[in-house]
>>> print(open('work_27.cif').read())   # mmCIF, C-alpha atoms
data_coords
#
loop_
_atom_site.group_PDB
_atom_site.id
_atom_site.type_symbol
_atom_site.label_atom_id
_atom_site.label_comp_id
_atom_site.auth_asym_id
_atom_site.auth_seq_id
_atom_site.Cartn_x
_atom_site.Cartn_y
_atom_site.Cartn_z
ATOM 1 C CA MET C 1457 0.000 0.000 0.000
ATOM 2 C CA THR C 1458 1.221 3.486 -0.813
ATOM 3 C CA SER C 1459 1.907 6.150 1.785
ATOM 4 C CA GLU C 1460 -1.011 8.155 0.380
ATOM 5 C CA GLN C 1461 -3.374 5.210 0.811
ATOM 6 C CA LEU C 1462 -2.209 4.641 4.380
ATOM 7 C CA CYS C 1463 -2.726 8.313 5.131
ATOM 8 C CA GLU C 1464 -6.301 8.187 3.808
ATOM 9 C CA LEU C 1465 -7.052 5.033 5.768
ATOM 10 C CA SER C 1466 -5.652 6.596 8.938
ATOM 11 C CA LYS C 1467 -8.080 9.500 8.566
ATOM 12 C CA LEU C 1468 -10.925 7.010 8.258
ATOM 13 C CA ALA C 1469 -9.787 5.163 11.388
ATOM 14 C CA ILE C 1470 -9.508 8.431 13.331
ATOM 15 C CA GLU C 1471 -13.066 9.380 12.351
ATOM 16 C CA ALA C 1472 -14.304 5.947 13.421
ATOM 17 C CA ALA C 1473 -12.495 6.167 16.779
ATOM 18 C CA LEU C 1474 -13.870 9.630 17.505
ATOM 19 C CA ASP C 1475 -17.421 8.589 16.597
ATOM 20 C CA ALA C 1476 -17.192 5.517 18.823
ATOM 21 C CA GLY C 1477 -15.664 7.611 21.616
ATOM 22 C CA LYS C 1478 -18.543 10.051 21.455
ATOM 23 C CA LEU C 1479 -20.978 7.167 21.873
ATOM 24 C CA ILE C 1480 -18.980 5.768 24.789
ATOM 25 C CA GLN C 1481 -18.923 9.084 26.607
ATOM 26 C CA SER C 1482 -22.683 9.466 26.208
ATOM 27 C CA TYR C 1483 -23.022 6.447 28.527
ATOM 28 C CA THR C 1484 -20.695 7.785 31.215
ATOM 29 C CA GLY C 1485 -22.293 7.522 34.637
ATOM 30 C CA LYS C 1486 -25.217 5.421 33.418
ATOM 31 C CA ASP C 1487 -26.153 2.128 35.014
ATOM 32 C CA LEU C 1488 -25.010 -0.548 32.562
ATOM 33 C CA LYS C 1489 -25.779 -4.240 32.628
ATOM 34 C CA GLN C 1490 -22.537 -6.182 32.502
ATOM 35 C CA GLN C 1491 -22.330 -9.361 30.453
ATOM 36 C CA PHE C 1492 -19.569 -11.953 30.564
ATOM 37 C CA LYS C 1493 -17.711 -13.873 27.858
ATOM 38 C CA THR C 1494 -16.980 -17.558 28.239
ATOM 39 C CA GLY C 1495 -13.367 -18.736 28.336
ATOM 40 C CA ALA C 1496 -11.890 -15.431 29.507
ATOM 41 C CA SER C 1497 -8.981 -15.593 31.940
ATOM 42 C CA SER C 1498 -9.960 -12.667 34.201
ATOM 43 C CA LYS C 1499 -12.872 -10.388 35.022
ATOM 44 C CA ALA C 1500 -11.225 -7.561 33.118
ATOM 45 C CA SER C 1501 -11.116 -9.659 29.938
ATOM 46 C CA GLU C 1502 -14.524 -11.297 30.277
ATOM 47 C CA VAL C 1503 -16.744 -8.299 30.976
ATOM 48 C CA PHE C 1504 -18.534 -6.427 28.198
ATOM 49 C CA THR C 1505 -21.603 -4.198 27.882
ATOM 50 C CA GLU C 1506 -24.042 -2.955 25.268
ATOM 51 C CA VAL C 1507 -21.665 -0.016 24.774
ATOM 52 C CA ASP C 1508 -18.929 -2.337 23.460
ATOM 53 C CA LEU C 1509 -21.364 -3.716 20.886
ATOM 54 C CA LYS C 1510 -22.722 -0.334 19.817
ATOM 55 C CA ALA C 1511 -19.243 1.198 19.558
ATOM 56 C CA GLU C 1512 -18.061 -1.707 17.427
ATOM 57 C CA LYS C 1513 -21.048 -1.308 15.094
ATOM 58 C CA ILE C 1514 -20.184 2.371 14.590
ATOM 59 C CA ILE C 1515 -16.556 1.548 13.768
ATOM 60 C CA ILE C 1516 -17.364 -1.281 11.372
ATOM 61 C CA GLU C 1517 -19.910 0.825 9.488
ATOM 62 C CA LYS C 1518 -17.326 3.586 9.066
ATOM 63 C CA LEU C 1519 -14.571 1.210 7.897
ATOM 64 C CA ALA C 1520 -16.760 -1.078 5.765
ATOM 65 C CA PRO C 1521 -16.302 0.793 2.430
ATOM 66 C CA SER C 1522 -12.525 0.333 2.674
ATOM 67 C CA LEU C 1523 -12.727 -3.475 2.758
ATOM 68 C CA ASN C 1524 -13.456 -3.936 -0.945
ATOM 69 C CA THR C 1525 -11.637 -0.809 -2.091
ATOM 70 C CA TYR C 1526 -8.335 -1.859 -0.525
ATOM 71 C CA ASN C 1527 -8.820 -5.642 -0.312
ATOM 72 C CA LEU C 1528 -8.870 -5.651 3.487
ATOM 73 C CA ALA C 1529 -10.156 -8.080 6.115
ATOM 74 C CA LEU C 1530 -11.571 -7.203 9.513
ATOM 75 C CA LEU C 1531 -11.044 -8.574 13.017
ATOM 76 C CA ALA C 1532 -13.086 -7.094 15.858
ATOM 77 C CA GLU C 1533 -13.301 -8.090 19.508
ATOM 78 C CA GLU C 1534 -17.050 -8.576 19.678
ATOM 79 C CA SER C 1535 -17.340 -10.366 16.305
ATOM 80 C CA THR C 1536 -16.422 -13.818 15.011
ATOM 81 C CA ASP C 1537 -12.984 -14.218 13.428
ATOM 82 C CA ASP C 1538 -13.708 -15.257 9.819
ATOM 83 C CA GLY C 1539 -10.045 -16.048 9.059
ATOM 84 C CA LEU C 1540 -9.848 -13.648 6.110
ATOM 85 C CA ARG C 1541 -7.022 -11.799 7.870
ATOM 86 C CA HIS C 1542 -4.717 -14.612 6.709
ATOM 87 C CA HIS C 1543 -5.635 -14.132 3.051
ATOM 88 C CA LYS C 1544 -6.068 -10.384 2.475
ATOM 89 C CA GLN C 1545 -3.131 -7.974 2.171
ATOM 90 C CA ALA C 1546 -4.047 -6.347 5.498
ATOM 91 C CA PHE C 1547 -6.805 -6.282 8.100
ATOM 92 C CA TRP C 1548 -8.478 -3.835 10.442
ATOM 93 C CA CYS C 1549 -7.983 -4.898 14.064
ATOM 94 C CA ILE C 1550 -10.590 -3.308 16.329
ATOM 95 C CA ASP C 1551 -11.140 -3.029 20.055
ATOM 96 C CA PRO C 1552 -14.217 -0.798 20.361
ATOM 97 C CA LEU C 1553 -13.825 -0.309 24.099
ATOM 98 C CA ASP C 1554 -10.479 -1.392 25.473
ATOM 99 C CA GLY C 1555 -10.710 -1.373 29.257
ATOM 100 C CA THR C 1556 -14.402 -2.077 29.720
ATOM 101 C CA LEU C 1557 -13.916 -2.681 33.442
ATOM 102 C CA PRO C 1558 -12.421 0.764 34.198
ATOM 103 C CA PHE C 1559 -15.178 2.246 32.007
ATOM 104 C CA THR C 1560 -17.900 0.628 34.125
ATOM 105 C CA GLU C 1561 -16.078 1.820 37.257
ATOM 106 C CA GLY C 1562 -15.802 5.379 35.953
ATOM 107 C CA VAL C 1563 -12.000 5.565 36.147
ATOM 108 C CA HIS C 1564 -9.433 6.631 33.557
ATOM 109 C CA GLY C 1565 -7.831 3.901 31.471
ATOM 110 C CA TYR C 1566 -10.313 2.959 28.754
ATOM 111 C CA SER C 1567 -10.051 3.812 25.071
ATOM 112 C CA VAL C 1568 -11.005 3.043 21.492
ATOM 113 C CA SER C 1569 -8.279 1.132 19.657
ATOM 114 C CA ILE C 1570 -8.106 0.617 15.879
ATOM 115 C CA ALA C 1571 -5.175 -0.739 13.869
ATOM 116 C CA LEU C 1572 -4.418 -1.747 10.321
ATOM 117 C CA VAL C 1573 -2.121 -4.776 10.301
ATOM 118 C CA ALA C 1574 -0.373 -6.295 7.271
ATOM 119 C CA LYS C 1575 -0.862 -10.009 6.544
ATOM 120 C CA ASN C 1576 2.703 -10.635 7.767
ATOM 121 C CA GLY C 1577 1.748 -9.193 11.170
ATOM 122 C CA SER C 1578 3.501 -5.832 10.916
ATOM 123 C CA PRO C 1579 1.468 -2.804 12.073
ATOM 124 C CA LEU C 1580 0.691 -0.230 9.368
ATOM 125 C CA ILE C 1581 -1.634 2.165 11.208
ATOM 126 C CA GLY C 1582 -2.484 2.613 14.863
ATOM 127 C CA VAL C 1583 -5.194 4.836 16.358
ATOM 128 C CA ILE C 1584 -5.970 5.090 20.083
ATOM 129 C CA TYR C 1585 -8.574 7.522 21.377
ATOM 130 C CA ASP C 1586 -8.762 8.437 25.058
ATOM 131 C CA PRO C 1587 -12.365 9.688 25.557
ATOM 132 C CA VAL C 1588 -11.700 10.907 29.099
ATOM 133 C CA LYS C 1589 -8.957 13.372 28.146
ATOM 134 C CA ASN C 1590 -10.148 13.744 24.544
ATOM 135 C CA ASP C 1591 -6.705 12.818 23.233
ATOM 136 C CA ILE C 1592 -6.273 10.999 19.936
ATOM 137 C CA TYR C 1593 -2.995 9.210 19.220
ATOM 138 C CA HIS C 1594 -2.135 7.807 15.822
ATOM 139 C CA ALA C 1595 0.791 6.491 13.839
ATOM 140 C CA ILE C 1596 1.321 5.615 10.178
ATOM 141 C CA LYS C 1597 4.132 3.346 9.028
ATOM 142 C CA ASP C 1598 7.160 5.461 8.037
ATOM 143 C CA GLN C 1599 5.132 8.661 8.418
ATOM 144 C CA GLY C 1600 5.469 9.372 12.111
ATOM 145 C CA LEU C 1601 3.683 9.490 15.435
ATOM 146 C CA PHE C 1602 0.964 12.016 16.255
ATOM 147 C CA LYS C 1603 -0.988 13.262 19.256
ATOM 148 C CA ASN C 1604 -4.129 15.274 18.500
ATOM 149 C CA ARG C 1605 -3.033 15.319 14.832
ATOM 150 C CA GLU C 1606 0.288 17.040 15.563
ATOM 151 C CA LYS C 1607 3.711 15.392 15.543
ATOM 152 C CA TRP C 1608 4.306 13.885 18.963
ATOM 153 C CA GLY C 1609 7.814 14.154 20.335
ATOM 154 C CA PHE C 1610 9.198 13.315 23.749
ATOM 155 C CA LYS C 1611 10.581 16.373 25.447
ATOM 156 C CA HIS C 1612 11.182 15.806 29.142
ATOM 157 C CA GLU C 1613 12.764 19.085 30.199
ATOM 158 C CA SER C 1614 11.621 18.576 33.792
ATOM 159 C CA GLU C 1615 11.946 14.810 33.765
ATOM 160 C CA ASP C 1616 9.754 12.861 36.111
ATOM 161 C CA LYS C 1617 12.227 10.535 37.845
ATOM 162 C CA THR C 1618 9.488 8.043 38.662
ATOM 163 C CA PHE C 1619 9.688 4.553 37.183
ATOM 164 C CA TYR C 1620 6.167 3.580 36.065
ATOM 165 C CA PHE C 1621 5.178 -0.074 36.023
ATOM 166 C CA MET C 1622 1.903 -0.524 34.122
ATOM 167 C CA CYS C 1623 0.282 -3.899 34.603
ATOM 168 C CA ASP C 1624 -3.049 -5.651 34.284
ATOM 169 C CA ARG C 1625 -5.122 -6.357 37.376
ATOM 170 C CA SER C 1626 -4.722 -10.096 36.850
ATOM 171 C CA PHE C 1627 -0.920 -9.711 36.922
ATOM 172 C CA HIS C 1628 -1.126 -7.539 40.035
ATOM 173 C CA GLU C 1629 -2.849 -10.470 41.748
ATOM 174 C CA SER C 1630 -0.581 -13.209 40.323
ATOM 175 C CA ALA C 1631 1.992 -15.373 42.099
ATOM 176 C CA ASN C 1632 4.911 -13.731 40.257
ATOM 177 C CA PHE C 1633 3.895 -10.175 41.058
ATOM 178 C CA ALA C 1634 5.839 -9.683 44.314
ATOM 179 C CA GLU C 1635 9.085 -11.023 42.833
ATOM 180 C CA THR C 1636 8.610 -8.974 39.680
ATOM 181 C CA LYS C 1637 7.941 -5.816 41.655
ATOM 182 C CA GLN C 1638 11.074 -6.384 43.734
ATOM 183 C CA PHE C 1639 13.130 -6.744 40.548
ATOM 184 C CA LEU C 1640 11.662 -3.520 39.142
ATOM 185 C CA GLU C 1641 12.403 -1.663 42.367
ATOM 186 C CA THR C 1642 16.040 -2.711 41.990
ATOM 187 C CA LEU C 1643 16.053 -1.697 38.328
ATOM 188 C CA SER C 1644 14.481 1.635 39.255
ATOM 189 C CA LYS C 1645 17.341 2.354 41.654
ATOM 190 C CA GLU C 1646 19.919 1.362 39.042
ATOM 191 C CA LEU C 1647 18.316 3.907 36.687
ATOM 192 C CA LYS C 1648 18.554 6.495 39.492
ATOM 193 C CA CYS C 1649 14.804 6.957 39.635
ATOM 194 C CA ASP C 1650 13.231 8.384 42.779
ATOM 195 C CA GLN C 1651 10.512 5.760 43.126
ATOM 196 C CA LEU C 1652 8.638 2.885 41.486
ATOM 197 C CA LYS C 1653 4.944 3.520 40.898
ATOM 198 C CA VAL C 1654 2.611 0.655 39.997
ATOM 199 C CA LEU C 1655 -0.508 1.431 37.938
ATOM 200 C CA HIS C 1656 -2.978 -1.393 37.336
ATOM 201 C CA GLN C 1657 -6.364 0.034 36.461
ATOM 202 C CA GLY C 1658 -6.172 0.641 32.698
ATOM 203 C CA GLY C 1659 -6.720 -1.430 29.586
ATOM 204 C CA GLY C 1660 -3.847 -2.564 27.396
ATOM 205 C CA ALA C 1661 -3.991 0.327 24.933
ATOM 206 C CA MET C 1662 -3.842 3.093 27.544
ATOM 207 C CA ASN C 1663 -1.202 1.200 29.533
ATOM 208 C CA ALA C 1664 0.927 1.229 26.382
ATOM 209 C CA VAL C 1665 0.290 4.943 25.739
ATOM 210 C CA LEU C 1666 1.247 5.794 29.324
ATOM 211 C CA THR C 1667 4.427 3.747 28.932
ATOM 212 C CA LEU C 1668 5.243 5.589 25.731
ATOM 213 C CA SER C 1669 4.719 8.991 27.334
ATOM 214 C CA GLN C 1670 7.131 8.486 30.246
ATOM 215 C CA PRO C 1671 10.967 8.486 30.227
ATOM 216 C CA TYR C 1672 11.070 5.461 32.573
ATOM 217 C CA ALA C 1673 8.242 2.967 32.165
ATOM 218 C CA CYS C 1674 7.264 -0.558 31.179
ATOM 219 C CA TYR C 1675 4.191 -2.663 30.521
ATOM 220 C CA PHE C 1676 4.453 -6.387 29.977
ATOM 221 C CA LYS C 1677 2.669 -9.725 30.189
ATOM 222 C CA TYR C 1678 4.434 -13.029 30.745
ATOM 223 C CA PRO C 1679 3.670 -15.976 28.452
ATOM 224 C CA LYS C 1680 1.412 -18.672 29.864
ATOM 225 C CA ALA C 1681 0.210 -22.098 28.812
ATOM 226 C CA THR C 1682 -3.502 -21.290 28.944
ATOM 227 C CA LEU C 1683 -5.301 -19.006 26.507
ATOM 228 C CA GLY C 1684 -5.497 -15.323 27.385
ATOM 229 C CA GLY C 1685 -2.704 -12.808 27.851
ATOM 230 C CA GLY C 1686 -4.546 -10.152 25.899
ATOM 231 C CA SER C 1687 -5.583 -10.354 22.256
ATOM 232 C CA LEU C 1688 -4.414 -9.044 18.899
ATOM 233 C CA TRP C 1689 -6.764 -6.053 19.163
ATOM 234 C CA ASP C 1690 -5.294 -5.090 22.558
ATOM 235 C CA PHE C 1691 -1.805 -4.482 21.152
ATOM 236 C CA SER C 1692 -1.903 -3.877 17.386
ATOM 237 C CA ALA C 1693 -2.589 -0.125 17.537
ATOM 238 C CA SER C 1694 -0.056 0.552 20.287
ATOM 239 C CA ALA C 1695 2.548 -1.521 18.427
ATOM 240 C CA ALA C 1696 2.178 0.897 15.508
ATOM 241 C CA LEU C 1697 2.714 3.856 17.858
ATOM 242 C CA PHE C 1698 5.826 2.295 19.388
ATOM 243 C CA ALA C 1699 7.249 1.425 15.972
ATOM 244 C CA GLU C 1700 7.063 5.032 14.805
ATOM 245 C CA ALA C 1701 8.438 6.266 18.136
ATOM 246 C CA LYS C 1702 11.368 3.846 17.744
ATOM 247 C CA ARG C 1703 10.599 2.429 21.171
ATOM 248 C CA PRO C 1704 10.737 -1.320 21.948
ATOM 249 C CA SER C 1705 7.469 -3.242 21.558
ATOM 250 C CA THR C 1706 8.196 -6.963 21.388
ATOM 251 C CA ASN C 1707 7.248 -10.272 22.868
ATOM 252 C CA ILE C 1708 8.882 -11.201 26.169
ATOM 253 C CA PHE C 1709 11.889 -12.627 24.281
ATOM 254 C CA GLY C 1710 12.631 -9.402 22.420
ATOM 255 C CA GLU C 1711 11.202 -10.672 19.122
ATOM 256 C CA ALA C 1712 8.568 -9.104 16.874
ATOM 257 C CA LEU C 1713 5.000 -9.306 18.178
ATOM 258 C CA ASP C 1714 2.924 -12.013 16.492
ATOM 259 C CA LEU C 1715 0.070 -9.702 15.464
ATOM 260 C CA ASN C 1716 -1.539 -12.106 12.993
ATOM 261 C CA ARG C 1717 -1.322 -15.332 14.952
ATOM 262 C CA LYS C 1718 -2.678 -18.195 12.861
ATOM 263 C CA ASP C 1719 -4.088 -20.505 15.536
ATOM 264 C CA SER C 1720 -5.647 -17.964 17.909
ATOM 265 C CA THR C 1721 -6.293 -14.281 18.585
ATOM 266 C CA PHE C 1722 -4.666 -14.477 22.036
ATOM 267 C CA MET C 1723 -1.120 -13.354 22.919
ATOM 268 C CA ASN C 1724 -0.430 -15.840 25.715
ATOM 269 C CA HIS C 1725 2.037 -17.904 23.675
ATOM 270 C CA GLN C 1726 4.862 -15.336 23.625
ATOM 271 C CA GLY C 1727 3.818 -12.581 26.020
ATOM 272 C CA VAL C 1728 4.088 -8.848 25.387
ATOM 273 C CA LEU C 1729 6.746 -6.321 26.406
ATOM 274 C CA TYR C 1730 6.577 -2.543 26.012
ATOM 275 C CA ALA C 1731 9.294 -0.314 27.442
ATOM 276 C CA SER C 1732 10.312 3.307 27.188
ATOM 277 C CA THR C 1733 13.950 2.348 26.509
ATOM 278 C CA ALA C 1734 15.893 -0.568 25.063
ATOM 279 C CA GLU C 1735 17.815 -0.844 28.362
ATOM 280 C CA ILE C 1736 14.617 -1.423 30.347
ATOM 281 C CA SER C 1737 13.349 -3.916 27.773
ATOM 282 C CA ALA C 1738 16.575 -5.929 27.851
ATOM 283 C CA ALA C 1739 16.584 -6.031 31.668
ATOM 284 C CA ILE C 1740 13.025 -7.392 31.762
ATOM 285 C CA GLN C 1741 13.851 -10.038 29.159
ATOM 286 C CA GLU C 1742 16.822 -11.162 31.249
ATOM 287 C CA PHE C 1743 14.722 -11.263 34.408
ATOM 288 C CA HIS C 1744 12.077 -13.380 32.705
ATOM 289 C CA THR C 1745 14.769 -15.845 31.637
ATOM 290 C CA LEU C 1746 16.096 -16.087 35.194
ATOM 291 C CA LEU C 1747 12.559 -16.411 36.566
ATOM 292 C CA ASN C 1748 12.001 -19.472 34.409
ATOM 293 C CA SER C 1749 15.448 -21.086 34.698
#
>>> encode(input="work_27.cif", output="C-alpha cells")
Amino acid sequence: MTSEQLCELSKLAIEAALDAGKLIQSYTGKDLKQQFKTGASSKASEVFTEVDLKAEKIIIEKLAPSLNTYNLALLAEESTDDGLRHHKQAFWCIDPLDGTLPFTEGVHGYSVSIALVAKNGSPLIGVIYDPVKNDIYHAIKDQGLFKNREKWGFKHESEDKTFYFMCDRSFHESANFAETKQFLETLSKELKCDQLKVLHQGGGAMNAVLTLSQPYACYFKYPKATLGGGSLWDFSASAALFAEAKRPSTNIFGEALDLNRKDSTFMNHQGVLYASTAEISAAIQEFHTLLNS
C-alpha cells in the first residue's frame, strides 16, 4: 500500500475512533448491565456491555467501504474471526472499548483502539482515542507518530524521575507479582529513579500509551500455557505507535510481536513487552529468563 493510501485510511480510522468515543462518553455515569464472555482468563477480559457492541457497530460501518476498495479483512473483539485476515493484504484490528472494566467503574484507562495490520503481522496504522482526556494518538508506518493530529515528540525538560510499572489487574494479583515488583524496584534504583509507581487500572492500549509517554516505564505480560494474555486487538494499535516512536514493543523474548497469529487471537504464547527504553526492555527479558530457569 502506498503512503497516500495509508494516510487516507488513517483519517478514516480516526473518524471511526472519535465517533465511537462520542458514543462511549454518552453512557458515562449510566447504570449498565454487565455481560460476561466464556473462556476469559480474568474479570477484566470477560466483561462487556451494550456499549462495546454499539461502539463496534459504529466503527465497522465507518470502515466497511474500505474493505473492498483496498482488499482488506476485519477482526473485531465482539465479532467472530472469519479467518480472512490470513488471506487479504491487510486487516483492520478493532477493540471498540479497550478497558471495559475501568469504564464501568468510571475511572481513567479505557479507550477506542483501531489498527491496520499487514498479513505478515507488521502494524501499518495505529489509532488510540482516550475519551476521558479527549486525546487521539495515531501512527502511520514510516510517516510518524501524532498526538491530537500534531507530531508527537518526547521532550522531558523537567523529567519525572518516577519509574512507572503498568500492569493488568490479573498480573497484580498473580503469584509472580511480588518477585517482579522487587526486581523492578532494583532496576528503578539502578536507573537512578526516585521511586517505582505501579498502575494497574487501565486497559492494554492506555497502559501502552502511558508507557510511551514516560521516560522510565514498562508494561508487559508473561507468556502462559492457557489461553489469554490479551488479544491481537489489545496491542496492534499501540505496536504501531511504538514502531514510529522507535521504542521497543516486542514479545517477552525481544522478538517481533505475532500480530496475525494463525491458531488464535490471544497473545499468551509469547507474552508482550513494552518499554520506554531498550535498556529497560533488555533487563526485563533477562529477568524473565532467570525467573524461568
>>> closest_residue(input="work_27.cif", among="C:Ile1581, C:Ser1692, C:Thr1618, C:His1543", to="Asp1598 of chain C", atoms="all atoms listed in the file")
C:Ile1581
>>> residues_around(input="work_27.cif", residues="Asn1590 of chain C", least_positions_apart="5", cutoff="9 Å", atoms="only C-alpha atoms", output="list in words")
Leu1474, Gly1477, Tyr1585 and Asn1604 of chain C
>>> resolve_selection(input="work_27.cif", expression="the PyMOL selection byres ((chain C and resi 1511-1522) around 9)", output="PyMOL selection string")
chain C and resi 1465+1468-1469+1471-1473+1475-1477+1479-1480+1506-1510+1523-1528+1530+1532-1535+1548+1550-1553+1568+1570
>>> write_last_selection(input="work_27.cif", atoms="C-alpha atoms", output="PDB file, keeping the file's coordinate frame")
ATOM      1  CA  LEU C1465      -7.052   5.033   5.768  1.00  0.00           C
ATOM      2  CA  LEU C1468     -10.925   7.010   8.258  1.00  0.00           C
ATOM      3  CA  ALA C1469      -9.787   5.163  11.388  1.00  0.00           C
ATOM      4  CA  GLU C1471     -13.066   9.380  12.351  1.00  0.00           C
ATOM      5  CA  ALA C1472     -14.304   5.947  13.421  1.00  0.00           C
ATOM      6  CA  ALA C1473     -12.495   6.167  16.779  1.00  0.00           C
ATOM      7  CA  ASP C1475     -17.421   8.589  16.597  1.00  0.00           C
ATOM      8  CA  ALA C1476     -17.192   5.517  18.823  1.00  0.00           C
ATOM      9  CA  GLY C1477     -15.664   7.611  21.616  1.00  0.00           C
ATOM     10  CA  LEU C1479     -20.978   7.167  21.873  1.00  0.00           C
ATOM     11  CA  ILE C1480     -18.980   5.768  24.789  1.00  0.00           C
ATOM     12  CA  GLU C1506     -24.042  -2.955  25.268  1.00  0.00           C
ATOM     13  CA  VAL C1507     -21.665  -0.016  24.774  1.00  0.00           C
ATOM     14  CA  ASP C1508     -18.929  -2.337  23.460  1.00  0.00           C
ATOM     15  CA  LEU C1509     -21.364  -3.716  20.886  1.00  0.00           C
ATOM     16  CA  LYS C1510     -22.722  -0.334  19.817  1.00  0.00           C
ATOM     17  CA  LEU C1523     -12.727  -3.475   2.758  1.00  0.00           C
ATOM     18  CA  ASN C1524     -13.456  -3.936  -0.945  1.00  0.00           C
ATOM     19  CA  THR C1525     -11.637  -0.809  -2.091  1.00  0.00           C
ATOM     20  CA  TYR C1526      -8.335  -1.859  -0.525  1.00  0.00           C
ATOM     21  CA  ASN C1527      -8.820  -5.642  -0.312  1.00  0.00           C
ATOM     22  CA  LEU C1528      -8.870  -5.651   3.487  1.00  0.00           C
ATOM     23  CA  LEU C1530     -11.571  -7.203   9.513  1.00  0.00           C
ATOM     24  CA  ALA C1532     -13.086  -7.094  15.858  1.00  0.00           C
ATOM     25  CA  GLU C1533     -13.301  -8.090  19.508  1.00  0.00           C
ATOM     26  CA  GLU C1534     -17.050  -8.576  19.678  1.00  0.00           C
ATOM     27  CA  SER C1535     -17.340 -10.366  16.305  1.00  0.00           C
ATOM     28  CA  TRP C1548      -8.478  -3.835  10.442  1.00  0.00           C
ATOM     29  CA  ILE C1550     -10.590  -3.308  16.329  1.00  0.00           C
ATOM     30  CA  ASP C1551     -11.140  -3.029  20.055  1.00  0.00           C
ATOM     31  CA  PRO C1552     -14.217  -0.798  20.361  1.00  0.00           C
ATOM     32  CA  LEU C1553     -13.825  -0.309  24.099  1.00  0.00           C
ATOM     33  CA  VAL C1568     -11.005   3.043  21.492  1.00  0.00           C
ATOM     34  CA  ILE C1570      -8.106   0.617  15.879  1.00  0.00           C
TER      35      ILE C1570
END
>>> resolve_selection(input="work_27.cif", expression="the PyMOL selection byres ((chain C and resi 1663-1667) around 8)", output="list in words")
Gly1565, Tyr1620, Met1622, Cys1623, Gly1658, Gly1659, Gly1660, Ala1661, Met1662, Leu1668, Ser1669, Gln1670, Tyr1672, Ala1673, Cys1674, Tyr1675, Ser1694, Tyr1730, Ala1731 and Ser1732 of chain C
>>> closest_residue(input="work_27.cif", among="C:Tyr1678, C:Phe1698, C:Phe1691, C:Phe1610", to="Ile1596 of chain C", atoms="all atoms listed in the file")
C:Phe1698
>>> axis_aligned_box(input="work_27.cif", around="segment 1545-1553 of chain C", padding_each_side="5 Å", output="lines of an AutoDock Vina configuration file")
center_x = -8.7
center_y = -4.1
center_z = 13.1
size_x = 21.1
size_y = 17.7
size_z = 31.9
>>> resolve_selection(input="work_27.cif", expression="the PyMOL selection byres ((chain C and resi 1574) around 9)", output="short mmCIF file (atom, residue, chain, number, x, y, z; two decimals) with C-alpha atoms, keeping the file's coordinate frame")
data_model
loop_
_atom_site.label_atom_id
_atom_site.label_comp_id
_atom_site.auth_asym_id
_atom_site.auth_seq_id
_atom_site.Cartn_x
_atom_site.Cartn_y
_atom_site.Cartn_z
CA ARG C 1541 -7.02 -11.80 7.87
CA LYS C 1544 -6.07 -10.38 2.48
CA GLN C 1545 -3.13 -7.97 2.17
CA ALA C 1546 -4.05 -6.35 5.50
CA PHE C 1547 -6.80 -6.28 8.10
CA LEU C 1572 -4.42 -1.75 10.32
CA VAL C 1573 -2.12 -4.78 10.30
CA LYS C 1575 -0.86 -10.01 6.54
CA ASN C 1576 2.70 -10.64 7.77
CA GLY C 1577 1.75 -9.19 11.17
CA SER C 1578 3.50 -5.83 10.92
CA PRO C 1579 1.47 -2.80 12.07
CA LEU C 1580 0.69 -0.23 9.37
CA LEU C 1715 0.07 -9.70 15.46
CA ASN C 1716 -1.54 -12.11 12.99
#
>>> closest_residue(input="work_27.cif", among="C:Gly1685, C:Thr1505, C:Val1583, C:Phe1621", to="Leu1557 of chain C", atoms="all atoms listed in the file")
C:Thr1505
>>> residues_around(input="work_27.cif", residues="Ala1595 of chain C", least_positions_apart="3", cutoff="10 Å", atoms="all atoms listed in the file", output="ChimeraX atom specification")
/C:1463,1466,1571,1579-1584,1598-1603,1605,1607-1608,1693-1701
>>> closest_residue(input="work_27.cif", among="C:Lys1645, C:Leu1462, C:Lys1718, C:Leu1683", to="Asp1538 of chain C", atoms="only C-alpha atoms")
C:Lys1718
>>> closest_residue(input="work_27.cif", among="C:Asp1690, C:Glu1742, C:Glu1641, C:Glu1464", to="Gly1555 of chain C", atoms="only C-alpha atoms")
C:Asp1690
>>> atom_distance(input="work_27.cif", atom1="atom CA of Ser1569 of chain C", atom2="atom CA of Asp1586 of chain C")
9.1 Å
>>> residues_near_point(input="work_27.cif", point="(-0.1, -9.7, 37.2)", cutoff="12 Å", atoms="all atoms listed in the file", output="PyMOL selection string")
chain C and resi 1497-1498+1621-1637+1654-1657+1675-1680+1685
>>> residues_near_point(input="work_27.cif", point="(14.6, 5.1, 39.1)", cutoff="12 Å", atoms="only C-alpha atoms", output="ChimeraX atom specification")
/C:1615-1621,1640-1653,1671-1673,1736
>>> atom_distance(input="work_27.cif", atom1="atom CA of Asn1724 of chain C", atom2="atom CA of Asn1707 of chain C")
9.9 Å
>>> closest_residue(input="work_27.cif", among="C:Met1457, C:Leu1688, C:Val1728, C:Met1723", to="Thr1706 of chain C", atoms="all atoms listed in the file")
C:Val1728
